[in-house]
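Peer 1: This is data.cif, which holds mmCIF, C-alpha atoms and all ligand atoms:
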data_model
#
loop_
_atom_site.label_atom_id
_atom_site.label_comp_id
_atom_site.auth_asym_id
_atom_site.auth_seq_id
_atom_site.Cartn_x
_atom_site.Cartn_y
_atom_site.Cartn_z
CA MET A 1 -63.77 178.56 -73.83
CA VAL A 2 -60.33 179.44 -72.52
CA ASN A 3 -59.33 183.07 -72.85
CA ARG A 4 -55.71 182.69 -73.88
CA ARG A 5 -54.79 186.34 -73.58
CA ASN A 6 -56.00 186.49 -69.98
CA PHE A 7 -54.25 183.23 -69.22
CA ILE A 8 -50.91 184.40 -70.57
CA ALA A 9 -51.31 187.70 -68.73
CA ALA A 10 -51.98 185.79 -65.52
CA ALA A 11 -48.97 183.60 -66.12
CA GLY A 12 -46.85 186.70 -66.71
CA LEU A 13 -48.22 188.41 -63.63
CA ALA A 14 -47.52 185.26 -61.77
CA ALA A 15 -44.12 186.29 -60.48
CA GLY A 16 -45.77 188.88 -58.27
CA ALA A 17 -49.00 187.03 -57.51
CA THR A 18 -49.94 185.73 -54.12
CA ALA A 19 -52.91 183.47 -53.48
CA ALA A 20 -53.47 184.51 -49.92
CA SER A 21 -55.58 187.62 -49.62
CA GLY A 22 -52.70 189.32 -47.83
CA ALA A 23 -51.82 189.03 -44.16
CA ALA A 24 -55.05 188.87 -42.20
CA PRO A 25 -55.25 190.37 -38.71
CA ALA A 26 -54.33 187.89 -35.99
CA GLN A 27 -57.37 185.88 -34.86
CA PRO A 28 -58.02 184.60 -31.37
CA ALA A 29 -56.61 181.12 -31.02
CA ALA A 30 -59.02 178.19 -30.81
CA ARG A 31 -58.05 177.02 -27.36
CA LYS A 32 -61.01 175.41 -25.67
CA GLY A 33 -59.72 172.30 -23.99
CA ARG A 34 -59.43 168.68 -24.99
CA GLY A 35 -62.23 167.31 -27.13
CA ALA A 36 -63.94 170.74 -27.27
CA LEU A 37 -63.96 170.66 -31.06
CA GLY A 38 -65.97 167.45 -31.04
CA ARG A 39 -65.20 164.18 -32.76
CA SER A 40 -64.57 163.47 -36.42
CA ARG A 41 -63.40 160.64 -38.67
CA VAL A 42 -60.04 160.11 -40.39
CA TRP A 43 -58.54 157.32 -42.47
CA ARG A 44 -55.30 156.07 -40.92
CA ILE A 45 -52.49 154.11 -42.57
CA GLY A 46 -52.57 150.63 -41.04
CA SER A 47 -49.82 148.31 -39.88
CA PRO A 48 -48.51 146.68 -41.98
CA PRO A 49 -49.25 149.45 -44.48
CA SER A 50 -51.45 148.48 -47.43
CA ILE A 51 -54.51 149.79 -49.21
CA ALA A 52 -56.64 146.99 -47.75
CA ASN A 53 -55.40 147.90 -44.28
CA LEU A 54 -56.49 151.56 -44.33
CA GLN A 55 -58.51 152.14 -41.16
CA LEU A 56 -61.49 154.51 -40.80
CA VAL A 57 -61.43 155.73 -37.18
CA THR A 58 -63.23 158.34 -35.09
CA ARG A 59 -61.06 160.61 -32.95
CA ASP A 60 -61.28 163.73 -30.80
CA THR A 61 -60.82 166.51 -33.33
CA PRO A 62 -57.43 168.00 -32.45
CA GLU A 63 -57.02 171.66 -31.58
CA PRO A 64 -54.61 173.54 -33.79
CA GLY A 65 -51.23 174.22 -32.24
CA ARG A 66 -49.06 177.26 -32.87
CA GLY A 67 -48.90 178.01 -36.58
CA GLN A 68 -51.56 175.42 -37.42
CA VAL A 69 -55.15 175.63 -38.61
CA LEU A 70 -58.02 173.16 -38.47
CA VAL A 71 -59.69 172.65 -41.85
CA ARG A 72 -63.10 171.12 -42.58
CA VAL A 73 -62.23 169.10 -45.66
CA VAL A 74 -64.62 169.27 -48.64
CA ALA A 75 -62.67 167.11 -51.10
CA SER A 76 -59.33 165.36 -51.49
CA SER A 77 -57.60 163.63 -54.35
CA ILE A 78 -55.17 160.76 -54.90
CA ASN A 79 -51.81 160.83 -56.66
CA ALA A 80 -49.63 157.98 -57.87
CA ARG A 81 -47.31 158.50 -54.91
CA ASP A 82 -50.13 158.06 -52.38
CA ARG A 83 -50.40 154.39 -53.37
CA GLY A 84 -46.74 154.02 -52.43
CA ILE A 85 -47.15 155.91 -49.15
CA VAL A 86 -50.22 153.93 -48.10
CA GLY A 87 -48.56 150.72 -49.28
CA GLY A 88 -45.30 151.40 -47.42
CA PHE A 89 -43.05 151.50 -50.49
CA PHE A 90 -42.73 155.21 -51.32
CA PRO A 91 -38.96 155.77 -51.51
CA ILE A 92 -38.60 159.46 -50.59
CA GLY A 93 -38.79 160.75 -47.00
CA GLU A 94 -39.33 158.66 -43.88
CA ARG A 95 -43.09 158.29 -43.54
CA LYS A 96 -44.37 159.78 -40.29
CA ALA A 97 -47.88 160.66 -41.44
CA SER A 98 -50.67 158.47 -40.17
CA ILE A 99 -53.27 160.29 -42.31
CA PRO A 100 -52.51 160.08 -46.07
CA LEU A 101 -53.05 162.36 -49.11
CA SER A 102 -51.21 165.48 -50.19
CA GLU A 103 -54.07 167.10 -52.11
CA GLY A 104 -57.31 168.51 -50.75
CA ALA A 105 -59.35 171.64 -50.15
CA GLY A 106 -61.66 172.90 -47.43
CA GLU A 107 -62.67 175.67 -45.08
CA VAL A 108 -60.68 177.05 -42.13
CA ILE A 109 -62.68 176.36 -38.94
CA ALA A 110 -60.14 176.99 -36.15
CA LEU A 111 -56.85 178.86 -35.84
CA GLY A 112 -53.84 178.13 -33.68
CA GLU A 113 -51.77 180.81 -31.97
CA GLY A 114 -49.80 183.14 -34.19
CA VAL A 115 -51.67 182.39 -37.40
CA THR A 116 -51.89 185.50 -39.58
CA GLU A 117 -51.92 183.99 -43.08
CA VAL A 118 -55.63 183.08 -43.13
CA LYS A 119 -58.83 183.77 -41.21
CA LEU A 120 -61.82 181.71 -40.14
CA GLY A 121 -64.03 180.77 -43.10
CA ASP A 122 -61.31 181.09 -45.74
CA ARG A 123 -61.48 178.53 -48.55
CA VAL A 124 -58.03 176.97 -48.73
CA ALA A 125 -55.75 174.35 -50.20
CA CYS A 126 -52.25 173.56 -48.92
CA CYS A 127 -48.86 173.14 -50.55
CA HIS A 128 -47.52 169.67 -50.72
CA PHE A 129 -44.26 171.15 -49.25
CA PRO A 130 -45.49 173.87 -46.82
CA THR A 131 -41.99 175.13 -45.96
CA TRP A 132 -41.07 175.78 -49.61
CA ARG A 133 -42.69 179.18 -49.98
CA GLU A 134 -40.67 180.54 -52.91
CA GLY A 135 -37.25 180.41 -54.54
CA ARG A 136 -35.21 177.27 -54.99
CA TRP A 137 -36.02 173.74 -53.93
CA SER A 138 -34.08 172.19 -51.05
CA PRO A 139 -34.06 168.53 -49.93
CA SER A 140 -35.23 169.71 -46.49
CA VAL A 141 -38.75 170.34 -47.91
CA TYR A 142 -39.34 166.61 -47.48
CA ASP A 143 -39.25 167.11 -43.69
CA ASN A 144 -42.72 168.68 -44.09
CA ASP A 145 -44.30 166.72 -46.91
CA VAL A 146 -48.09 166.67 -46.48
CA GLY A 147 -49.46 163.12 -46.54
CA ASN A 148 -45.98 161.61 -46.20
CA THR A 149 -43.82 163.06 -43.42
CA VAL A 150 -46.67 165.10 -41.87
CA ASP A 151 -50.39 164.21 -41.73
CA GLY A 152 -52.45 164.76 -44.86
CA TRP A 153 -56.00 165.42 -46.03
CA LEU A 154 -57.93 162.13 -45.68
CA GLY A 155 -60.13 163.18 -42.76
CA GLU A 156 -63.29 165.12 -42.10
CA GLN A 157 -61.31 167.75 -40.15
CA VAL A 158 -57.53 167.91 -40.39
CA LEU A 159 -54.69 170.04 -39.03
CA LEU A 160 -52.49 171.81 -41.57
CA PRO A 161 -49.57 174.25 -41.29
CA ALA A 162 -50.76 177.81 -41.96
CA SER A 163 -47.48 178.61 -43.74
CA GLY A 164 -48.45 176.31 -46.63
CA LEU A 165 -52.01 177.50 -47.17
CA VAL A 166 -53.24 179.26 -50.29
CA VAL A 167 -56.61 181.02 -50.31
CA LEU A 168 -58.73 179.97 -53.29
CA PRO A 169 -59.87 182.50 -55.88
CA GLU A 170 -63.68 182.63 -56.17
CA ALA A 171 -63.53 181.05 -59.62
CA ILE A 172 -61.87 177.87 -58.29
CA SER A 173 -64.24 175.37 -56.67
CA PHE A 174 -63.28 173.21 -53.71
CA GLU A 175 -63.32 170.12 -55.97
CA SER A 176 -61.04 171.70 -58.58
CA ALA A 177 -58.65 173.00 -55.92
CA ALA A 178 -58.51 169.57 -54.28
CA THR A 179 -56.76 168.13 -57.36
CA LEU A 180 -53.94 170.63 -57.72
CA ALA A 181 -51.35 170.63 -54.92
CA SER A 182 -49.38 167.75 -56.41
CA SER A 183 -50.20 167.24 -60.10
CA GLY A 184 -51.22 170.83 -60.94
CA VAL A 185 -48.28 172.53 -59.23
CA THR A 186 -45.85 170.02 -60.76
CA ALA A 187 -47.18 170.63 -64.28
CA TRP A 188 -47.05 174.42 -63.75
CA HIS A 189 -43.48 174.23 -62.44
CA ALA A 190 -42.40 172.13 -65.42
CA LEU A 191 -44.11 174.17 -68.15
CA PHE A 192 -43.64 177.73 -66.95
CA GLU A 193 -40.75 177.79 -64.47
CA ILE A 194 -38.43 175.26 -66.12
CA ALA A 195 -39.39 175.14 -69.81
CA ARG A 196 -40.71 178.73 -69.96
CA LEU A 197 -43.35 177.62 -72.44
CA ARG A 198 -44.40 180.09 -75.12
CA PRO A 199 -47.38 180.15 -77.51
CA GLY A 200 -46.64 178.21 -80.68
CA GLN A 201 -44.29 175.71 -79.03
CA THR A 202 -45.05 171.98 -78.92
CA VAL A 203 -45.41 170.03 -75.67
CA LEU A 204 -45.37 166.23 -75.33
CA THR A 205 -47.06 164.94 -72.18
CA LEU A 206 -46.90 161.20 -71.42
CA GLY A 207 -50.02 159.30 -70.40
CA THR A 208 -53.48 160.45 -69.38
CA GLY A 209 -53.11 160.61 -65.58
CA GLY A 210 -53.28 163.56 -63.23
CA VAL A 211 -50.07 165.39 -64.15
CA SER A 212 -50.41 164.76 -67.86
CA THR A 213 -54.01 165.96 -68.13
CA ILE A 214 -53.61 169.25 -66.27
CA GLY A 215 -50.36 169.70 -68.24
CA LEU A 216 -52.35 169.33 -71.46
CA GLN A 217 -54.93 171.89 -70.30
CA LEU A 218 -52.34 174.46 -69.17
CA ALA A 219 -50.26 174.08 -72.33
CA ARG A 220 -53.29 174.42 -74.62
CA ALA A 221 -54.46 177.52 -72.74
CA THR A 222 -51.04 179.07 -73.40
CA GLY A 223 -51.40 178.53 -77.14
CA ALA A 224 -49.03 175.58 -77.39
CA ARG A 225 -49.55 172.51 -79.58
CA VAL A 226 -49.89 169.37 -77.45
CA VAL A 227 -49.01 165.73 -78.10
CA VAL A 228 -50.30 163.00 -75.74
CA THR A 229 -49.35 159.31 -75.57
CA SER A 230 -51.49 156.59 -73.99
CA SER A 231 -51.96 152.83 -73.93
CA SER A 232 -55.67 153.27 -74.72
CA ASP A 233 -57.38 154.54 -77.87
CA ALA A 234 -60.46 155.43 -75.82
CA LYS A 235 -58.35 157.63 -73.54
CA LEU A 236 -56.70 159.22 -76.57
CA GLU A 237 -60.14 160.08 -77.93
CA ARG A 238 -60.94 161.71 -74.59
CA VAL A 239 -57.76 163.84 -74.59
CA ARG A 240 -58.48 164.93 -78.18
CA GLN A 241 -61.80 166.26 -76.86
CA LEU A 242 -59.79 168.13 -74.23
CA GLY A 243 -57.69 169.77 -76.95
CA ALA A 244 -54.77 167.41 -77.68
CA ASP A 245 -53.54 168.10 -81.23
CA ILE A 246 -51.62 164.85 -81.83
CA THR A 247 -52.08 161.49 -80.09
CA VAL A 248 -50.05 158.28 -80.25
CA ASN A 249 -50.85 154.88 -78.72
CA TYR A 250 -47.53 153.84 -77.16
CA ARG A 251 -48.66 150.23 -76.79
CA ASN A 252 -49.33 149.83 -80.54
CA THR A 253 -46.31 151.95 -81.47
CA PRO A 254 -43.30 150.86 -79.39
CA ASP A 255 -41.03 153.36 -81.20
CA TRP A 256 -43.44 156.20 -80.45
CA GLY A 257 -40.61 158.71 -80.06
CA GLN A 258 -39.80 158.54 -83.77
CA ARG A 259 -43.54 158.69 -84.58
CA VAL A 260 -43.96 161.87 -82.52
CA TYR A 261 -40.86 163.34 -84.17
CA GLU A 262 -42.37 162.73 -87.60
CA LEU A 263 -45.93 163.84 -86.77
CA THR A 264 -44.68 167.11 -85.29
CA GLY A 265 -42.42 167.82 -88.24
CA GLY A 266 -39.17 167.82 -86.29
CA GLY A 267 -39.83 167.09 -82.66
CA VAL A 268 -41.30 168.71 -79.55
CA ASP A 269 -39.92 171.65 -77.54
CA VAL A 270 -40.96 170.43 -74.09
CA VAL A 271 -41.52 166.94 -72.66
CA LEU A 272 -43.44 166.32 -69.45
CA GLU A 273 -41.67 163.00 -68.71
CA ASN A 274 -44.42 161.60 -66.48
CA VAL A 275 -43.19 158.01 -66.51
CA GLY A 276 -39.45 158.10 -65.80
CA ARG A 277 -36.27 156.46 -66.94
CA ALA A 278 -38.15 153.64 -68.71
CA THR A 279 -39.42 156.05 -71.38
CA LEU A 280 -36.52 158.51 -71.51
CA ASP A 281 -34.99 157.10 -74.71
CA GLU A 282 -38.27 157.55 -76.58
CA SER A 283 -38.78 161.02 -75.09
CA MET A 284 -35.33 162.04 -76.36
CA GLN A 285 -36.22 160.60 -79.75
CA ALA A 286 -39.40 162.72 -79.81
CA SER A 287 -37.46 165.91 -78.96
CA ALA A 288 -36.50 168.78 -81.23
CA PRO A 289 -32.94 170.15 -80.98
CA GLY A 290 -32.64 172.24 -77.81
CA ALA A 291 -35.77 170.76 -76.20
CA THR A 292 -36.32 170.63 -72.44
CA ILE A 293 -37.27 167.30 -70.87
CA VAL A 294 -38.70 167.70 -67.38
CA MET A 295 -38.34 164.49 -65.34
CA ILE A 296 -41.51 164.08 -63.27
CA GLY A 297 -42.30 160.35 -63.15
CA THR A 298 -40.55 158.21 -60.62
CA GLY A 299 -40.84 154.73 -62.12
CA PRO A 300 -40.74 152.03 -63.27
CA LEU A 301 -37.05 151.35 -63.91
CA PRO A 302 -35.91 150.33 -67.41
CA LYS A 303 -34.18 147.05 -68.20
CA GLU A 304 -31.17 149.06 -69.40
CA LEU A 305 -30.03 152.59 -68.62
CA PRO A 306 -31.20 155.19 -71.16
CA LYS A 307 -28.90 155.84 -74.09
CA MET A 308 -26.97 159.05 -73.59
CA PRO A 309 -26.20 160.24 -77.14
CA GLY A 310 -29.50 162.09 -77.56
CA PHE A 311 -28.44 164.61 -74.95
CA TYR A 312 -25.43 165.59 -77.03
CA THR A 313 -26.66 165.20 -80.59
CA ARG A 314 -29.81 167.22 -79.85
CA ASN A 315 -28.37 169.51 -77.12
CA LEU A 316 -31.22 168.62 -74.78
CA MET A 317 -31.81 169.98 -71.32
CA LEU A 318 -32.86 167.39 -68.73
CA LYS A 319 -34.22 168.68 -65.42
CA ALA A 320 -35.82 166.74 -62.59
CA ILE A 321 -38.33 168.48 -60.33
CA SER A 322 -40.06 167.75 -57.04
CA ASN A 323 -43.49 169.39 -57.00
CA GLY A 324 -43.24 173.21 -56.53
CA SER A 325 -43.35 176.13 -54.13
CA ARG A 326 -46.25 177.94 -52.51
CA GLN A 327 -45.66 180.83 -54.92
CA MET A 328 -46.05 178.44 -57.86
CA PHE A 329 -49.32 177.15 -56.37
CA ALA A 330 -50.54 180.75 -56.09
CA ASP A 331 -49.53 181.43 -59.69
CA LEU A 332 -51.27 178.24 -60.88
CA LEU A 333 -54.54 179.24 -59.17
CA ALA A 334 -54.39 182.75 -60.63
CA GLY A 335 -53.69 181.38 -64.11
CA MET A 336 -56.47 178.80 -63.93
CA ALA A 337 -58.97 181.35 -62.64
CA ALA A 338 -58.09 183.75 -65.48
CA ALA A 339 -58.28 181.05 -68.14
CA GLY A 340 -61.36 179.29 -66.76
CA ILE A 341 -59.61 175.92 -66.61
CA GLN A 342 -61.49 173.14 -64.79
CA PRO A 343 -59.36 170.10 -63.96
CA VAL A 344 -60.59 166.80 -65.36
CA ILE A 345 -62.18 164.70 -62.59
CA GLU A 346 -63.40 161.43 -64.07
CA LYS A 347 -64.08 159.38 -60.95
CA ARG A 348 -65.63 160.49 -57.68
CA PHE A 349 -65.85 158.38 -54.49
CA ALA A 350 -67.55 158.97 -51.16
CA PHE A 351 -65.26 159.49 -48.15
CA GLU A 352 -66.35 156.11 -46.74
CA ASP A 353 -65.22 154.46 -50.01
CA ALA A 354 -61.62 155.71 -49.90
CA ILE A 355 -60.27 152.17 -50.33
CA ALA A 356 -62.18 151.83 -53.62
CA ALA A 357 -60.70 155.17 -54.72
CA PHE A 358 -57.17 153.83 -54.11
CA ARG A 359 -58.06 150.68 -56.06
CA GLU A 360 -59.17 152.88 -58.96
CA MET A 361 -55.71 154.47 -58.99
CA GLU A 362 -54.22 150.98 -59.21
CA THR A 363 -56.32 149.96 -62.21
CA SER A 364 -55.73 153.37 -63.88
CA ASP A 365 -59.07 153.16 -65.66
CA HIS A 366 -59.52 156.93 -65.82
CA VAL A 367 -58.32 160.12 -67.47
CA GLY A 368 -57.23 162.92 -65.14
CA LYS A 369 -58.04 162.75 -61.45
CA VAL A 370 -59.76 160.53 -58.87
CA LEU A 371 -61.62 162.61 -56.27
CA ILE A 372 -62.87 161.80 -52.75
CA GLN A 373 -65.92 163.77 -51.60
CA HIS A 374 -65.91 164.39 -47.84
CA PRO A 375 -69.19 164.62 -45.84
N1 LIG A 401 -41.77 164.90 -59.55
C1 LIG A 401 -42.89 165.29 -58.97
O1 LIG A 401 -42.97 166.29 -58.29
C2 LIG A 401 -44.14 164.48 -59.19
C3 LIG A 401 -45.38 165.04 -58.88
C4 LIG A 401 -46.53 164.28 -59.17
C5 LIG A 401 -46.39 163.01 -59.73
N2 LIG A 401 -45.15 162.52 -59.95
C6 LIG A 401 -44.96 161.21 -60.60
O2 LIG A 401 -45.45 161.36 -61.92
C7 LIG A 401 -45.99 160.13 -62.36
C8 LIG A 401 -47.44 160.35 -62.81
O3 LIG A 401 -48.19 160.74 -61.68
P1 LIG A 401 -49.78 160.86 -61.77
O4 LIG A 401 -50.26 161.21 -60.41
O5 LIG A 401 -50.15 161.70 -62.92
O6 LIG A 401 -50.15 159.34 -62.07
P2 LIG A 401 -51.49 158.66 -62.58
O7 LIG A 401 -52.61 159.64 -62.49
O8 LIG A 401 -51.56 157.38 -61.88
O9 LIG A 401 -51.18 158.41 -64.12
C9 LIG A 401 -50.21 157.49 -64.52
C10 LIG A 401 -50.29 157.45 -66.03
O10 LIG A 401 -49.03 156.97 -66.52
C11 LIG A 401 -49.27 156.58 -67.82
N3 LIG A 401 -48.22 155.65 -68.28
C12 LIG A 401 -47.77 154.52 -67.69
N4 LIG A 401 -46.80 153.97 -68.46
C13 LIG A 401 -46.65 154.79 -69.54
C14 LIG A 401 -45.83 154.78 -70.68
N5 LIG A 401 -44.94 153.80 -70.88
N6 LIG A 401 -45.93 155.80 -71.57
C15 LIG A 401 -46.83 156.79 -71.38
N7 LIG A 401 -47.64 156.85 -70.31
C16 LIG A 401 -47.56 155.86 -69.42
C17 LIG A 401 -50.65 155.94 -67.85
O11 LIG A 401 -51.27 156.43 -69.02
P3 LIG A 401 -52.30 155.56 -69.88
O12 LIG A 401 -53.21 154.88 -68.91
O13 LIG A 401 -52.97 156.59 -70.72
O14 LIG A 401 -51.50 154.60 -70.69
C18 LIG A 401 -51.32 156.49 -66.58
O15 LIG A 401 -52.48 157.20 -66.90
C19 LIG A 401 -45.84 159.16 -61.17
O16 LIG A 401 -44.63 158.43 -61.33
C20 LIG A 401 -45.72 160.08 -59.99
O17 LIG A 401 -45.04 159.48 -58.91
C21 LIG A 401 -44.04 163.21 -59.70
#
Represent the structure of the file as structure tokens.
Ligand SMILES: NC(=O)c1ccc[n+]([C@@H]2O[C@H](COP(=O)([O-])OP(=O)(O)OC[C@H]3O[C@@H](n4cnc5c(N)ncnc54)[C@H](OP(=O)(O)O)[C@@H]3O)[C@@H](O)[C@H]2O)c1
Peer 2:
Amino acid sequence: MVNRRNFIAAAGLAAGATAASGAAPAQPAARKGRGALGRSRVWRIGSPPSIANLQLVTRDTPEPGRGQVLVRVVASSINARDRGIVGGFFPIGERKASIPLSEGAGEVIALGEGVTEVKLGDRVACCHFPTWREGRWSPSVYDNDVGNTVDGWLGEQVLLPASGLVVLPEAISFESAATLASSGVTAWHALFEIARLRPGQTVLTLGTGGVSTIGLQLARATGARVVVTSSSDAKLERVRQLGADITVNYRNTPDWGQRVYELTGGGVDVVLENVGRATLDESMQASAPGATIVMIGTGPLPKELPKMPGFYTRNLMLKAISNGSRQMFADLLAGMAAAGIQPVIEKRFAFEDAIAAFREMETSDHVGKVLIQHP
């Protein structure tokens, strides 16, 4: 049972929270010579890039360079964007990563020179944008985008930048933490940094995927009413069990925006727009006057551009976001630990079955997250 008071307190404290246990004393660097850390397996993006062409290879485990750590990965997780990165059609940032995935968690097993943020044995996750520590977003964060422009989590032992690491609270398991860097941080950013959600408000979250489901859990823990849309009645039943107050099947109800407006008695205060421009008209239709629509989804494109009048007639705020900062990740972990939130993981795959895990993301036959368990 979620303790709402603790959760709200944690969210309020969040501005000052830090996930790292403070600056640790400098540790001796792990410099032992080539191959000294043994050999380990990673999945590499193939050429040409495609899910079928992902390659499981064994390599000399690399030593961490200055500012880097080596992490023994316990679990990783897949996001919608990872399909695009592995398939060679993700539109943002020039892919330089050969190892995919922006979400994971594990244990620090070697430190490069100058690393003071963490120590050996720490349980860690890493920001999707390790150079965005706090404050405002900048386009330059894409120069260090884990799993896209720098190597990601899909290996037994991987190098990560120490600047992006967050130390996990005891209450957060490796598996839970492995699902948060992208979808969890994005939902937190949208609900608490942009929309400044308050108890008693109503949130609409589109679909039953990773961002939507953790968004539902965070919003409910805050004392908000939550509306979820899905193409599947079975998935809607599942999100009702997770606490959704109102559910609408968007496939059976093409004008679902009006339906949400009616069922909520005058519209929602916050929309997690997890699909994109294709659903924006309906999201505006579902909105109460003065609502905030946070643009999270990146596709698909609509046949026509969204109608603009809703912005004026309902005085809406429309704000796009790209993930979130390290501080937001720290605040998310503190809030989840206080509220006892466990992310929804419906499908688990062995590390050797990573291709099947990507296929599961394609079929979208799950609620919440798809996890990969590393050996
Ligand atoms: N801006 C950012 O920082 C950021 C961060 C993370 C993700 N994203 C983007 O956010 C989107 C969702 O990501 P994810 O990782 O949560 O994806 P996901 O786990 O693959 O979930 C996608 C979900 O979209 C839903 N959906 C598709 N068409 C819909 C429609 N017309 N109306 C309502 N729901 C619809 C589906 O719900 P049903 O199966 O229930 O119908 C599906 O579960 C992606 O476009 C992703 O690229 C952006």
Peer 1: 8 Å from ligand LIG 401 (chain A) is the threshold here; counting only C-alpha atoms and all ligand atoms, which polymer residues fall inside it? Answer as a PyMOL selection string.
Peer 2: chain A and resi 78-81+182-183+186-187+206-213+229-232+235-236+250-251+273-276+278-279+295-300+320-324+361-362+364-369
Peer 1: May I have the selected residues written with C-alpha atoms, as a PDB file, in the frame of the given file?
Peer 2:
ATOM      1  CA  ILE A  78     -55.170 160.760 -54.900  1.00  0.00           C
ATOM      2  CA  ASN A  79     -51.810 160.830 -56.660  1.00  0.00           C
ATOM      3  CA  ALA A  80     -49.630 157.980 -57.870  1.00  0.00           C
ATOM      4  CA  ARG A  81     -47.310 158.500 -54.910  1.00  0.00           C
ATOM      5  CA  SER A 182     -49.380 167.750 -56.410  1.00  0.00           C
ATOM      6  CA  SER A 183     -50.200 167.240 -60.100  1.00  0.00           C
ATOM      7  CA  THR A 186     -45.850 170.020 -60.760  1.00  0.00           C
ATOM      8  CA  ALA A 187     -47.180 170.630 -64.280  1.00  0.00           C
ATOM      9  CA  LEU A 206     -46.900 161.200 -71.420  1.00  0.00           C
ATOM     10  CA  GLY A 207     -50.020 159.300 -70.400  1.00  0.00           C
ATOM     11  CA  THR A 208     -53.480 160.450 -69.380  1.00  0.00           C
ATOM     12  CA  GLY A 209     -53.110 160.610 -65.580  1.00  0.00           C
ATOM     13  CA  GLY A 210     -53.280 163.560 -63.230  1.00  0.00           C
ATOM     14  CA  VAL A 211     -50.070 165.390 -64.150  1.00  0.00           C
ATOM     15  CA  SER A 212     -50.410 164.760 -67.860  1.00  0.00           C
ATOM     16  CA  THR A 213     -54.010 165.960 -68.130  1.00  0.00           C
ATOM     17  CA  THR A 229     -49.350 159.310 -75.570  1.00  0.00           C
ATOM     18  CA  SER A 230     -51.490 156.590 -73.990  1.00  0.00           C
ATOM     19  CA  SER A 231     -51.960 152.830 -73.930  1.00  0.00           C
ATOM     20  CA  SER A 232     -55.670 153.270 -74.720  1.00  0.00           C
ATOM     21  CA  LYS A 235     -58.350 157.630 -73.540  1.00  0.00           C
ATOM     22  CA  LEU A 236     -56.700 159.220 -76.570  1.00  0.00           C
ATOM     23  CA  TYR A 250     -47.530 153.840 -77.160  1.00  0.00           C
ATOM     24  CA  ARG A 251     -48.660 150.230 -76.790  1.00  0.00           C
ATOM     25  CA  GLU A 273     -41.670 163.000 -68.710  1.00  0.00           C
ATOM     26  CA  ASN A 274     -44.420 161.600 -66.480  1.00  0.00           C
ATOM     27  CA  VAL A 275     -43.190 158.010 -66.510  1.00  0.00           C
ATOM     28  CA  GLY A 276     -39.450 158.100 -65.800  1.00  0.00           C
ATOM     29  CA  ALA A 278     -38.150 153.640 -68.710  1.00  0.00           C
ATOM     30  CA  THR A 279     -39.420 156.050 -71.380  1.00  0.00           C
ATOM     31  CA  MET A 295     -38.340 164.490 -65.340  1.00  0.00           C
ATOM     32  CA  ILE A 296     -41.510 164.080 -63.270  1.00  0.00           C
ATOM     33  CA  GLY A 297     -42.300 160.350 -63.150  1.00  0.00           C
ATOM     34  CA  THR A 298     -40.550 158.210 -60.620  1.00  0.00           C
ATOM     35  CA  GLY A 299     -40.840 154.730 -62.120  1.00  0.00           C
ATOM     36  CA  PRO A 300     -40.740 152.030 -63.270  1.00  0.00           C
ATOM     37  CA  ALA A 320     -35.820 166.740 -62.590  1.00  0.00           C
ATOM     38  CA  ILE A 321     -38.330 168.480 -60.330  1.00  0.00           C
ATOM     39  CA  SER A 322     -40.060 167.750 -57.040  1.00  0.00           C
ATOM     40  CA  ASN A 323     -43.490 169.390 -57.000  1.00  0.00           C
ATOM     41  CA  GLY A 324     -43.240 173.210 -56.530  1.00  0.00           C
ATOM     42  CA  MET A 361     -55.710 154.470 -58.990  1.00  0.00           C
ATOM     43  CA  GLU A 362     -54.220 150.980 -59.210  1.00  0.00           C
ATOM     44  CA  SER A 364     -55.730 153.370 -63.880  1.00  0.00           C
ATOM     45  CA  ASP A 365     -59.070 153.160 -65.660  1.00  0.00           C
ATOM     46  CA  HIS A 366     -59.520 156.930 -65.820  1.00  0.00           C
ATOM     47  CA  VAL A 367     -58.320 160.120 -67.470  1.00  0.00           C
ATOM     48  CA  GLY A 368     -57.230 162.920 -65.140  1.00  0.00           C
ATOM     49  CA  LYS A 369     -58.040 162.750 -61.450  1.00  0.00           C
TER      50      LYS A 369
END
Peer 1: If I take CA of Asp60 (chain A) and CA of Arg39 (chain A), how far is one from the other in Å, to one decimal?
Peer 2: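 Rounded to one decimal, the two atoms are 4.4 Å apart.
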Peer 1: Could you tell me which of A:Arg72, A:Arg326, A:Arg277, A:Lys319 comes closest to Cys126 (chain A) if we count only C-alpha atoms?
Peer 2: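 Among the listed residues, the smallest separation from Cys126 (chain A) belongs to A:Arg326.
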Peer 1: Counting only C-alpha atoms, what is within 12 Å of Glu103 (chain A), bar same-chain residues fewer than 3 positions away, as a ChimeraX atom specification?
Peer 2: /A:73-82,99-100,106,124-129,145-148,151-155,160,165,174-185,210,323,329,369-372
Peer 1: Quick one: pull the distance between CA of Gln68 (chain A) and CA of Ala105 (chain A), Å, one decimal.
Peer 2: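 So the two atoms, CA of Gln68 (chain A) and CA of Ala105 (chain A), lie 15.4 Å apart.
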Peer 1: For Glu107 (chain A), which residue out of A:Leu168, A:Val86, A:Glu360, A:Asn144 is the nearest one, using all atoms listed in the file?
Peer 2: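 Of the candidates, the smallest distance to Glu107 (chain A) is held by A:Leu168.
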Peer 1: What separation in Å, quoted to one decimal, exists between CA of Pro130 (chain A) and CA of Thr149 (chain A)?
Peer 2: 11.5 Å
Peer 1: Ile109 (chain A): which residues within 12 Å, counting only C-alpha atoms, same-chain residues fewer than 4 positions away excluded, as a PyMOL selection string?
Peer 2: chain A and resi 27+29-30+37+61-64+68-73+118-124+156-160
